[in-house]
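Have a look at upload_4.csv below; it lists CSV, C-alpha atoms.
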chain,number,residue,atom,x,y,z
G,17,MET,CA,18.2,-53.8,22.4
G,18,LEU,CA,20.5,-51.1,23.7
G,19,GLY,CA,19.8,-48.9,20.8
G,20,SER,CA,16.0,-49.0,21.4
G,21,LEU,CA,16.6,-48.3,25.2
G,22,LEU,CA,18.7,-45.3,24.4
G,23,ARG,CA,16.1,-44.1,21.9
G,24,ARG,CA,13.5,-44.2,24.7
G,25,LEU,CA,15.6,-42.4,27.2
G,26,ARG,CA,16.9,-39.8,24.8
G,27,PRO,CA,15.2,-36.4,25.1
G,28,ARG,CA,13.7,-35.0,21.9
G,29,ALA,CA,16.1,-32.1,21.7
G,30,ALA,CA,16.1,-32.1,18.0
G,31,GLY,CA,12.4,-31.3,17.4
G,32,ASP,CA,10.3,-33.3,15.0
G,33,PRO,CA,12.1,-36.2,13.4
G,34,VAL,CA,13.1,-36.2,9.8
G,35,VAL,CA,11.2,-39.0,8.1
G,36,VAL,CA,13.8,-40.6,5.9
G,37,VAL,CA,12.5,-42.8,3.0
G,38,SER,CA,15.4,-45.0,2.2
G,39,GLY,CA,16.5,-48.2,0.4
G,40,LEU,CA,18.3,-49.1,-2.8
G,41,PRO,CA,17.5,-47.1,-5.9
G,42,ARG,CA,14.5,-48.8,-7.6
G,43,SER,CA,13.2,-50.4,-4.4
G,44,GLY,CA,10.1,-48.3,-4.2
G,45,THR,CA,11.3,-45.2,-2.4
G,46,SER,CA,9.5,-42.8,-4.7
G,47,MET,CA,6.3,-44.8,-4.2
G,48,MET,CA,6.6,-44.5,-0.5
G,49,MET,CA,7.3,-40.7,-0.8
G,50,LYS,CA,4.1,-40.5,-2.8
G,51,MET,CA,2.2,-42.4,-0.2
G,52,LEU,CA,3.5,-40.2,2.6
G,53,GLU,CA,2.7,-37.0,0.7
G,54,ALA,CA,-0.8,-38.3,-0.1
G,55,GLY,CA,-1.2,-39.1,3.6
G,56,GLY,CA,-0.5,-35.5,4.6
G,57,LEU,CA,3.2,-35.5,5.4
G,58,PRO,CA,5.0,-32.6,3.8
G,59,VAL,CA,7.9,-33.8,1.5
G,60,MET,CA,11.2,-32.1,1.2
G,61,THR,CA,11.9,-31.9,-2.5
G,62,ASP,CA,13.2,-29.3,-4.9
G,63,GLY,CA,11.4,-30.9,-7.9
G,64,GLU,CA,14.6,-30.7,-10.0
G,65,ARG,CA,14.5,-34.3,-11.1
G,66,THR,CA,11.2,-34.4,-12.9
G,67,ALA,CA,9.0,-37.4,-13.7
G,68,ASP,CA,10.1,-39.7,-16.6
G,69,VAL,CA,9.5,-43.1,-17.9
G,70,ASP,CA,11.4,-44.7,-15.0
G,71,ASN,CA,9.4,-42.8,-12.4
G,72,PRO,CA,6.2,-41.6,-14.1
G,73,LYS,CA,4.9,-40.1,-10.8
G,74,GLY,CA,8.1,-38.2,-10.0
G,75,TYR,CA,11.3,-38.8,-8.0
G,76,PHE,CA,10.6,-36.7,-4.9
G,77,GLU,CA,14.3,-35.9,-4.6
G,78,TYR,CA,16.2,-33.1,-3.0
G,79,GLU,CA,19.3,-32.6,-5.3
G,80,ARG,CA,21.7,-31.5,-2.6
G,81,ILE,CA,21.3,-34.9,-0.8
G,82,LYS,CA,23.4,-36.4,-3.7
G,83,ASP,CA,26.4,-34.5,-2.2
G,84,LEU,CA,25.8,-35.7,1.3
G,85,GLU,CA,28.9,-37.9,1.3
G,86,LYS,CA,31.1,-35.0,0.3
G,87,GLU,CA,29.6,-31.9,1.9
G,88,THR,CA,30.7,-30.8,5.3
G,89,ASP,CA,27.8,-28.3,5.9
G,90,LYS,CA,24.8,-30.5,6.4
G,91,SER,CA,22.7,-28.0,8.4
G,92,TYR,CA,20.1,-27.9,5.6
G,93,VAL,CA,18.9,-31.3,6.6
G,94,ARG,CA,17.3,-29.7,9.6
G,95,ALA,CA,14.7,-28.2,7.2
G,96,GLY,CA,13.5,-31.8,6.8
G,97,ARG,CA,12.2,-32.0,10.3
G,98,GLY,CA,8.6,-33.0,10.2
G,99,HIS,CA,9.0,-33.7,6.5
G,100,ALA,CA,9.7,-36.8,4.4
G,101,LEU,CA,13.1,-36.8,2.8
G,102,LYS,CA,14.4,-39.4,0.3
G,103,VAL,CA,17.9,-40.6,1.1
G,104,ILE,CA,19.3,-43.7,-0.6
G,105,SER,CA,20.6,-46.3,1.8
G,106,PHE,CA,24.3,-45.8,0.8
G,107,LEU,CA,24.0,-42.2,2.2
G,108,ILE,CA,22.3,-42.9,5.5
G,109,LYS,CA,25.7,-43.0,7.2
G,110,ASP,CA,26.3,-39.4,6.1
G,111,LEU,CA,23.3,-37.9,7.8
G,112,PRO,CA,24.2,-35.4,10.5
G,113,ASP,CA,23.6,-36.4,14.1
G,114,ASP,CA,21.7,-33.2,15.1
G,115,ASN,CA,18.4,-34.6,14.0
G,116,ASP,CA,16.2,-37.5,15.0
G,117,TYR,CA,15.3,-39.8,12.1
G,118,LYS,CA,12.4,-42.1,11.5
G,119,VAL,CA,13.6,-44.3,8.6
G,120,VAL,CA,11.1,-46.1,6.3
G,121,PHE,CA,13.4,-48.6,4.7
G,122,MET,CA,12.1,-50.0,1.4
G,123,ARG,CA,13.1,-53.6,0.5
G,124,ARG,CA,12.7,-55.3,-2.8
G,125,ASP,CA,14.0,-58.5,-4.4
G,126,LEU,CA,17.5,-57.8,-5.4
G,127,ASP,CA,17.1,-59.4,-8.9
G,128,GLU,CA,14.2,-57.0,-9.5
G,129,VAL,CA,16.2,-54.0,-8.2
G,130,LEU,CA,19.1,-54.8,-10.5
G,131,ALA,CA,16.9,-55.4,-13.5
G,132,SER,CA,15.1,-52.1,-13.0
G,133,GLN,CA,18.5,-50.3,-12.5
G,134,ASP,CA,19.9,-51.8,-15.7
G,135,LYS,CA,16.9,-50.6,-17.7
G,136,MET,CA,17.3,-47.1,-16.1
G,137,ILE,CA,21.0,-47.0,-16.9
G,138,GLN,CA,20.3,-48.0,-20.5
G,139,ARG,CA,17.7,-45.2,-20.8
G,140,LEU,CA,19.9,-42.6,-19.2
G,141,GLY,CA,22.7,-43.6,-21.5
G,142,THR,CA,25.2,-43.4,-18.7
G,143,ALA,CA,28.3,-45.5,-18.5
G,144,ASP,CA,27.9,-48.5,-16.3
G,145,SER,CA,31.3,-49.4,-15.0
G,146,SER,CA,29.9,-51.2,-12.0
G,147,ALA,CA,30.5,-54.8,-11.2
G,148,ALA,CA,28.7,-57.8,-12.6
G,149,ALA,CA,25.3,-58.7,-11.3
G,150,GLU,CA,26.4,-61.2,-8.6
G,151,ALA,CA,29.0,-58.9,-7.2
G,152,MET,CA,26.5,-56.0,-7.2
G,153,LYS,CA,24.0,-58.2,-5.3
G,154,GLU,CA,26.6,-59.0,-2.7
G,155,ALA,CA,27.6,-55.4,-2.4
G,156,TYR,CA,23.9,-54.4,-2.0
G,157,ARG,CA,23.3,-57.1,0.6
G,158,ASN,CA,26.2,-55.7,2.6
G,159,ASP,CA,24.8,-52.2,2.1
G,160,ILE,CA,21.4,-53.3,3.6
G,161,VAL,CA,23.0,-55.0,6.6
G,162,ARG,CA,25.2,-52.0,7.2
G,163,THR,CA,22.2,-49.7,7.2
G,164,ARG,CA,20.4,-51.9,9.6
G,165,LEU,CA,23.4,-52.0,11.9
G,166,LEU,CA,23.9,-48.3,11.7
G,167,CYS,CA,20.2,-47.6,12.5
G,168,ARG,CA,20.4,-49.9,15.6
G,169,LYS,CA,23.6,-48.3,16.8
G,170,ARG,CA,22.7,-44.7,16.5
G,171,PRO,CA,20.2,-43.7,19.2
G,172,ASN,CA,18.7,-40.9,17.0
G,173,PHE,CA,17.6,-43.5,14.4
G,174,ASP,CA,14.5,-45.6,14.4
G,175,LEU,CA,13.7,-47.9,11.5
G,176,ILE,CA,10.9,-49.8,9.9
G,177,GLU,CA,11.3,-52.1,6.9
G,178,VAL,CA,8.6,-52.1,4.2
G,179,HIS,CA,8.6,-54.6,1.3
G,180,TYR,CA,7.8,-53.3,-2.1
G,181,ARG,CA,5.9,-56.4,-3.2
G,182,ASP,CA,3.8,-56.5,0.0
G,183,THR,CA,3.0,-52.8,-0.5
G,184,VAL,CA,1.7,-53.4,-4.0
G,185,SER,CA,-0.3,-56.4,-3.1
G,186,ASP,CA,-1.7,-55.0,0.1
G,187,PRO,CA,-1.3,-51.2,0.2
G,188,ALA,CA,-3.7,-50.9,3.2
G,189,ALA,CA,-1.6,-53.0,5.4
G,190,THR,CA,1.6,-51.0,4.6
G,191,ALA,CA,-0.3,-47.7,5.1
G,192,ARG,CA,-1.4,-48.9,8.5
G,193,ARG,CA,2.1,-50.1,9.6
G,194,VAL,CA,3.8,-46.9,8.3
G,195,ASN,CA,1.2,-44.6,9.8
G,196,ALA,CA,1.5,-46.4,13.2
G,197,PHE,CA,5.3,-46.1,13.0
G,198,LEU,CA,5.1,-42.3,12.3
G,199,GLY,CA,2.6,-41.6,15.1
G,200,GLY,CA,-0.8,-42.3,13.5
G,201,ALA,CA,-1.7,-38.9,12.2
G,202,LEU,CA,-1.6,-39.7,8.4
G,203,ASP,CA,-4.6,-40.4,6.2
G,204,GLU,CA,-4.3,-44.1,5.5
G,205,GLY,CA,-7.0,-44.2,2.8
G,206,ALA,CA,-5.1,-41.6,0.8
G,207,MET,CA,-1.8,-43.4,1.4
G,208,ARG,CA,-3.4,-46.6,0.1
G,209,GLY,CA,-4.8,-44.8,-3.0
G,210,ALA,CA,-1.3,-43.5,-3.9
G,211,VAL,CA,-0.1,-47.0,-4.7
G,212,ASP,CA,-0.2,-47.8,-8.4
G,213,GLY,CA,0.4,-51.5,-8.9
G,214,SER,CA,0.7,-51.0,-12.7
G,215,LEU,CA,4.2,-49.5,-12.1
G,216,TYR,CA,5.4,-52.8,-10.7
G,217,ARG,CA,7.1,-53.6,-14.0
G,218,ASN,CA,10.3,-55.5,-13.3
G,219,ARG,CA,8.5,-58.3,-11.5
G,220,LYS,CA,10.2,-61.6,-10.8
G,221,ALA,CA,8.1,-64.6,-11.6
F,19,MET,CA,45.6,-66.9,21.0
F,20,LEU,CA,42.3,-65.2,21.7
F,21,GLY,CA,42.8,-61.8,23.4
F,22,GLY,CA,40.5,-60.5,26.0
F,23,LYS,CA,37.4,-62.1,27.5
F,24,THR,CA,35.7,-64.9,25.5
F,25,VAL,CA,32.2,-66.3,25.3
F,26,LYS,CA,31.0,-69.7,24.2
F,27,VAL,CA,29.0,-70.0,20.9
F,28,LYS,CA,27.2,-73.2,20.0
F,29,ILE,CA,27.6,-74.4,16.4
F,30,ASP,CA,26.6,-77.6,14.7
F,31,ARG,CA,29.0,-80.4,15.4
F,32,ASP,CA,29.4,-81.4,11.8
F,33,LEU,CA,30.2,-77.9,10.8
F,34,HIS,CA,32.8,-77.7,13.6
F,35,ASP,CA,34.4,-80.9,12.4
F,36,ARG,CA,34.7,-79.4,8.9
F,37,LEU,CA,36.1,-76.2,10.3
F,38,ARG,CA,38.6,-78.1,12.4
F,39,LYS,CA,39.9,-80.0,9.3
F,40,VAL,CA,40.2,-76.8,7.2
F,41,ALA,CA,41.9,-75.0,10.1
F,42,ASP,CA,44.4,-77.8,10.4
F,43,VAL,CA,45.2,-77.9,6.7
F,44,ALA,CA,45.4,-74.1,6.5
F,45,GLY,CA,47.9,-74.0,9.3
F,46,TYR,CA,45.9,-72.3,12.1
F,47,ALA,CA,47.0,-73.1,15.6
F,48,THR,CA,43.5,-73.9,16.7
F,49,THR,CA,40.0,-74.1,15.3
F,50,GLU,CA,39.0,-71.1,17.4
F,51,GLU,CA,41.8,-69.0,15.8
F,52,PHE,CA,40.5,-70.0,12.3
F,53,ILE,CA,36.8,-69.2,13.2
F,54,THR,CA,37.8,-65.9,14.8
F,55,HIS,CA,39.8,-65.0,11.7
F,56,VAL,CA,37.0,-65.8,9.3
F,57,LEU,CA,34.4,-63.9,11.4
F,58,GLU,CA,36.6,-60.8,11.6
F,59,LYS,CA,37.1,-60.8,7.9
F,60,GLU,CA,33.4,-61.2,7.3
F,61,MET,CA,32.5,-58.4,9.7
F,62,LEU,CA,34.7,-56.0,7.7
F,63,HIS,CA,32.2,-56.2,4.8
F,64,PHE,CA,29.5,-54.8,7.0
F,65,GLU,CA,31.6,-52.4,9.1
F,66,ASP,CA,33.8,-50.8,6.5
F,67,ALA,CA,31.2,-48.6,4.9
F,68,GLY,CA,33.7,-46.3,3.2
F,69,SER,CA,35.1,-48.8,0.8
F,70,ASP,CA,32.3,-49.8,-1.4
F,71,ASP,CA,33.3,-48.4,-4.7
F,72,GLN,CA,31.1,-50.8,-6.6
F,73,ILE,CA,28.0,-49.2,-5.2
F,74,ARG,CA,29.3,-45.7,-5.6
F,75,GLU,CA,29.9,-46.3,-9.3
F,76,LYS,CA,26.4,-47.8,-9.8
F,77,LEU,CA,24.7,-44.9,-7.9
F,78,LYS,CA,26.6,-42.3,-10.0
F,79,GLY,CA,25.4,-44.0,-13.2
F,80,LEU,CA,21.8,-43.9,-11.9
F,81,GLY,CA,22.1,-40.3,-10.9
F,82,TYR,CA,21.6,-40.8,-7.2
F,83,ILE,CA,24.9,-39.4,-6.0
F,84,SER,CA,27.3,-36.8,-7.5

Output the file's structure as C-alpha cells, nothing else.
Amino acid sequence: MLGSLLRRLRPRAAGDPVVVVSGLPRSGTSMMMKMLEAGGLPVMTDGERTADVDNPKGYFEYERIKDLEKETDKSYVRAGRGHALKVISFLIKDLPDDNDYKVVFMRRDLDEVLASQDKMIQRLGTADSSAAAEAMKEAYRNDIVRTRLLCRKRPNFDLIEVHYRDTVSDPAATARRVNAFLGGALDEGAMRGAVDGSLYRNRKA
Amino acid sequence: MLGGKTVKVKIDRDLHDRLRKVADVAGYATTEEFITHVLEKEMLHFEDAGSDDQIREKLKGLGYIS
C-alpha cells in the first residue's frame, strides 16, 4: 500500500524505466523477452549466450548482469532504460537505485522449474552441488517471496506477475496484461505470435 | 516479555490451543512469547537475502551468475 503510494508520488527523475524480465531460471523469462522484443520494445542483450537446445530461440541475456552481486559499478544498467533487461530473481536485490524498474516477474510450477533446470545442468555438464529437490523448492519459494517484498518496499519498483502456463495457453491475454502494465504502446499481436507452445517441454501432468 | 507496542492478531482457537501446549512443553513463559519467536525465525527466511548459498550454487551451475 505504502509502496504504491510512494511510487505514485515519486517524480520520474530517472527517465524511462528499465523493464526487467525476472523469475527463476527456466520459468519463461526468455519467452517473455522474445514477446517484448516482438512487441517493439528494444532488448538489452550482448548476444554472448547463444541459442541452444535448452533455449532454441535464444537467451536474451546481458553477460555483465551475472556479476551484479559482486560489482560495485552498476552504472551500465542505466543503458537499460527504455529497454527490456533479463535479471534473474536472485539478483533483483542488487539492482542499483538510480533507475525506475517495471518488473515482469515470471512464475512457473516449481516442479517444472526444477525438472527443466536438472536437464539443463546435465546437458551443460556442470557440477550440481546444490541441495536436494525439496530443499531447493523451499529456497526458491523464499526467493520468490523476498523478491515480492523487495519490489513492494522499494518505491522505484513496480511488479506484475505472469504465469508461464497461462501464457502458453492464452498468449493473447498475457500480451494484453503486460502491454497495459508497460503503458500500452506494444504490438500485442506480435507479442502473442512470439509464444511457441511446443517449447513447453517439462510439463507437469 | 513483548517489547514495544503490540497489536492483536486473530487466529483459530484450536491452533492457539495447540500452540499453548507446545509453548508450555518447550518452556516458553507465555504462548505469545512462543508465537513471536516462531514468527521472527520464519521472517528471517524472507528478509535475510544474503545467506542463500543453495540458490547461489544452483545458479552458478546453470550459468546464470558468475

Please return, as a ChimeraX atom specification, all residues of chain G lying within 10 Å of chain F when only C-alpha atoms are considered. /G:40-42,65,77,79-86,103-104,106-107,109,133-134,136-148,151-166

What would the file look like if the residues just selected were written as a CSV table (one decimal), in the frame of the given file with C-alpha atoms?
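What ended up in again.csv:
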chain,number,residue,atom,x,y,z
G,40,LEU,CA,18.3,-49.1,-2.8
G,41,PRO,CA,17.5,-47.1,-5.9
G,42,ARG,CA,14.5,-48.8,-7.6
G,65,ARG,CA,14.5,-34.3,-11.1
G,77,GLU,CA,14.3,-35.9,-4.6
G,79,GLU,CA,19.3,-32.6,-5.3
G,80,ARG,CA,21.7,-31.5,-2.6
G,81,ILE,CA,21.3,-34.9,-0.8
G,82,LYS,CA,23.4,-36.4,-3.7
G,83,ASP,CA,26.4,-34.5,-2.2
G,84,LEU,CA,25.8,-35.7,1.3
G,85,GLU,CA,28.9,-37.9,1.3
G,86,LYS,CA,31.1,-35.0,0.3
G,103,VAL,CA,17.9,-40.6,1.1
G,104,ILE,CA,19.3,-43.7,-0.6
G,106,PHE,CA,24.3,-45.8,0.8
G,107,LEU,CA,24.0,-42.2,2.2
G,109,LYS,CA,25.7,-43.0,7.2
G,133,GLN,CA,18.5,-50.3,-12.5
G,134,ASP,CA,19.9,-51.8,-15.7
G,136,MET,CA,17.3,-47.1,-16.1
G,137,ILE,CA,21.0,-47.0,-16.9
G,138,GLN,CA,20.3,-48.0,-20.5
G,139,ARG,CA,17.7,-45.2,-20.8
G,140,LEU,CA,19.9,-42.6,-19.2
G,141,GLY,CA,22.7,-43.6,-21.5
G,142,THR,CA,25.2,-43.4,-18.7
G,143,ALA,CA,28.3,-45.5,-18.5
G,144,ASP,CA,27.9,-48.5,-16.3
G,145,SER,CA,31.3,-49.4,-15.0
G,146,SER,CA,29.9,-51.2,-12.0
G,147,ALA,CA,30.5,-54.8,-11.2
G,148,ALA,CA,28.7,-57.8,-12.6
G,151,ALA,CA,29.0,-58.9,-7.2
G,152,MET,CA,26.5,-56.0,-7.2
G,153,LYS,CA,24.0,-58.2,-5.3
G,154,GLU,CA,26.6,-59.0,-2.7
G,155,ALA,CA,27.6,-55.4,-2.4
G,156,TYR,CA,23.9,-54.4,-2.0
G,157,ARG,CA,23.3,-57.1,0.6
G,158,ASN,CA,26.2,-55.7,2.6
G,159,ASP,CA,24.8,-52.2,2.1
G,160,ILE,CA,21.4,-53.3,3.6
G,161,VAL,CA,23.0,-55.0,6.6
G,162,ARG,CA,25.2,-52.0,7.2
G,163,THR,CA,22.2,-49.7,7.2
G,164,ARG,CA,20.4,-51.9,9.6
G,165,LEU,CA,23.4,-52.0,11.9
G,166,LEU,CA,23.9,-48.3,11.7

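You will find CA of Leu101 (chain G) at 17.0 Å from CA of Arg123 (chain G).
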
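CA of Asp110 (chain G) to CA of Ala149 (chain G) spans 26.0 Å [interatomic distance, one decimal].
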
Output as a Markdown table one row per residue of region 85-169 of chain G within 10 Å of region 185-201 of chain G: the closest atom pair and its distance in Å to one decimal place, counting all atoms listed in the file, sorted by chain and residue number ascending.
| residue | atom | partner | partner_atom | distance |
| --- | --- | --- | --- | --- |
| G:Lys118 | CA | G:Leu198 | CA | 7.3 |
| G:Val119 | CA | G:Leu198 | CA | 9.5 |
| G:Val120 | CA | G:Val194 | CA | 7.6 |

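Residues within 10 Å of Asp125 (chain G), counting only C-alpha atoms and excluding same-chain residues fewer than 3 positions away, are Ser43, Glu128, Val129, Leu130, His179, Tyr180, Arg181, Arg219 and Lys220 of chain G.
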
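In this model, the gap between CA of Glu58 (chain F) and CA of Pro171 (chain G) comes to 24.9 Å.
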
Would you kindly return, as a ChimeraX atom specification, each protein, DNA or RNA residue with an atom no farther than 9 Å from any atom of Thr48 (chain F), considering only C-alpha atoms and excluding same-chain residues fewer than 5 positions away? /F:19,38,41-42,53

Starting from the sparse input, extend region 54-77 of chain F to N, CA and C atoms and give the output as a PDB file, in the frame of the given file.
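Result file result.pdb:
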ATOM      1  N   THR F  54      37.706 -67.301  14.434  1.00  0.00           N
ATOM      2  CA  THR F  54      37.800 -65.900  14.800  1.00  0.00           C
ATOM      3  C   THR F  54      38.289 -65.088  13.535  1.00  0.00           C
ATOM      4  N   HIS F  55      39.270 -65.620  12.844  1.00  0.00           N
ATOM      5  CA  HIS F  55      39.800 -65.000  11.700  1.00  0.00           C
ATOM      6  C   HIS F  55      38.740 -64.796  10.574  1.00  0.00           C
ATOM      7  N   VAL F  56      38.014 -65.869  10.331  1.00  0.00           N
ATOM      8  CA  VAL F  56      37.000 -65.800   9.300  1.00  0.00           C
ATOM      9  C   VAL F  56      35.873 -64.820   9.667  1.00  0.00           C
ATOM     10  N   LEU F  57      35.465 -64.854  10.924  1.00  0.00           N
ATOM     11  CA  LEU F  57      34.400 -63.900  11.400  1.00  0.00           C
ATOM     12  C   LEU F  57      34.838 -62.485  11.290  1.00  0.00           C
ATOM     13  N   GLU F  58      36.072 -62.229  11.685  1.00  0.00           N
ATOM     14  CA  GLU F  58      36.600 -60.800  11.600  1.00  0.00           C
ATOM     15  C   GLU F  58      36.614 -60.343  10.185  1.00  0.00           C
ATOM     16  N   LYS F  59      37.039 -61.217   9.280  1.00  0.00           N
ATOM     17  CA  LYS F  59      37.100 -60.800   7.900  1.00  0.00           C
ATOM     18  C   LYS F  59      35.676 -60.528   7.345  1.00  0.00           C
ATOM     19  N   GLU F  60      34.742 -61.380   7.738  1.00  0.00           N
ATOM     20  CA  GLU F  60      33.400 -61.200   7.300  1.00  0.00           C
ATOM     21  C   GLU F  60      32.738 -59.930   7.824  1.00  0.00           C
ATOM     22  N   MET F  61      33.063 -59.642   9.086  1.00  0.00           N
ATOM     23  CA  MET F  61      32.500 -58.400   9.700  1.00  0.00           C
ATOM     24  C   MET F  61      32.949 -57.158   8.977  1.00  0.00           C
ATOM     25  N   LEU F  62      34.149 -57.186   8.412  1.00  0.00           N
ATOM     26  CA  LEU F  62      34.700 -56.000   7.700  1.00  0.00           C
ATOM     27  C   LEU F  62      33.738 -55.591   6.558  1.00  0.00           C
ATOM     28  N   HIS F  63      33.111 -56.575   5.913  1.00  0.00           N
ATOM     29  CA  HIS F  63      32.200 -56.200   4.800  1.00  0.00           C
ATOM     30  C   HIS F  63      31.102 -55.299   5.298  1.00  0.00           C
ATOM     31  N   PHE F  64      30.653 -55.540   6.522  1.00  0.00           N
ATOM     32  CA  PHE F  64      29.500 -54.800   7.000  1.00  0.00           C
ATOM     33  C   PHE F  64      29.961 -53.484   7.746  1.00  0.00           C
ATOM     34  N   GLU F  65      31.143 -53.512   8.337  1.00  0.00           N
ATOM     35  CA  GLU F  65      31.600 -52.400   9.100  1.00  0.00           C
ATOM     36  C   GLU F  65      32.324 -51.317   8.341  1.00  0.00           C
ATOM     37  N   ASP F  66      32.951 -51.733   7.256  1.00  0.00           N
ATOM     38  CA  ASP F  66      33.800 -50.800   6.500  1.00  0.00           C
ATOM     39  C   ASP F  66      32.920 -50.150   5.417  1.00  0.00           C
ATOM     40  N   ALA F  67      32.120 -49.155   5.815  1.00  0.00           N
ATOM     41  CA  ALA F  67      31.200 -48.600   4.900  1.00  0.00           C
ATOM     42  C   ALA F  67      31.836 -47.667   3.847  1.00  0.00           C
ATOM     43  N   GLY F  68      33.071 -47.289   4.079  1.00  0.00           N
ATOM     44  CA  GLY F  68      33.700 -46.300   3.200  1.00  0.00           C
ATOM     45  C   GLY F  68      34.333 -46.915   1.958  1.00  0.00           C
ATOM     46  N   SER F  69      34.331 -48.221   1.853  1.00  0.00           N
ATOM     47  CA  SER F  69      35.100 -48.800   0.800  1.00  0.00           C
ATOM     48  C   SER F  69      34.331 -49.378  -0.358  1.00  0.00           C
ATOM     49  N   ASP F  70      33.061 -49.101  -0.399  1.00  0.00           N
ATOM     50  CA  ASP F  70      32.300 -49.800  -1.400  1.00  0.00           C
ATOM     51  C   ASP F  70      32.168 -49.017  -2.706  1.00  0.00           C
ATOM     52  N   ASP F  71      33.236 -49.106  -3.477  1.00  0.00           N
ATOM     53  CA  ASP F  71      33.300 -48.400  -4.700  1.00  0.00           C
ATOM     54  C   ASP F  71      32.325 -48.931  -5.780  1.00  0.00           C
ATOM     55  N   GLN F  72      32.008 -50.223  -5.671  1.00  0.00           N
ATOM     56  CA  GLN F  72      31.100 -50.800  -6.600  1.00  0.00           C
ATOM     57  C   GLN F  72      29.717 -50.091  -6.547  1.00  0.00           C
ATOM     58  N   ILE F  73      29.253 -49.909  -5.333  1.00  0.00           N
ATOM     59  CA  ILE F  73      28.000 -49.200  -5.200  1.00  0.00           C
ATOM     60  C   ILE F  73      28.062 -47.783  -5.594  1.00  0.00           C
ATOM     61  N   ARG F  74      29.157 -47.140  -5.221  1.00  0.00           N
ATOM     62  CA  ARG F  74      29.300 -45.700  -5.600  1.00  0.00           C
ATOM     63  C   ARG F  74      29.235 -45.520  -7.085  1.00  0.00           C
ATOM     64  N   GLU F  75      29.907 -46.369  -7.835  1.00  0.00           N
ATOM     65  CA  GLU F  75      29.900 -46.300  -9.300  1.00  0.00           C
ATOM     66  C   GLU F  75      28.492 -46.450  -9.860  1.00  0.00           C
ATOM     67  N   LYS F  76      27.808 -47.461  -9.325  1.00  0.00           N
ATOM     68  CA  LYS F  76      26.400 -47.800  -9.800  1.00  0.00           C
ATOM     69  C   LYS F  76      25.524 -46.564  -9.520  1.00  0.00           C
ATOM     70  N   LEU F  77      25.625 -46.014  -8.326  1.00  0.00           N
ATOM     71  CA  LEU F  77      24.700 -44.900  -7.900  1.00  0.00           C
ATOM     72  C   LEU F  77      25.017 -43.662  -8.770  1.00  0.00           C
TER      73      LEU F  77
END
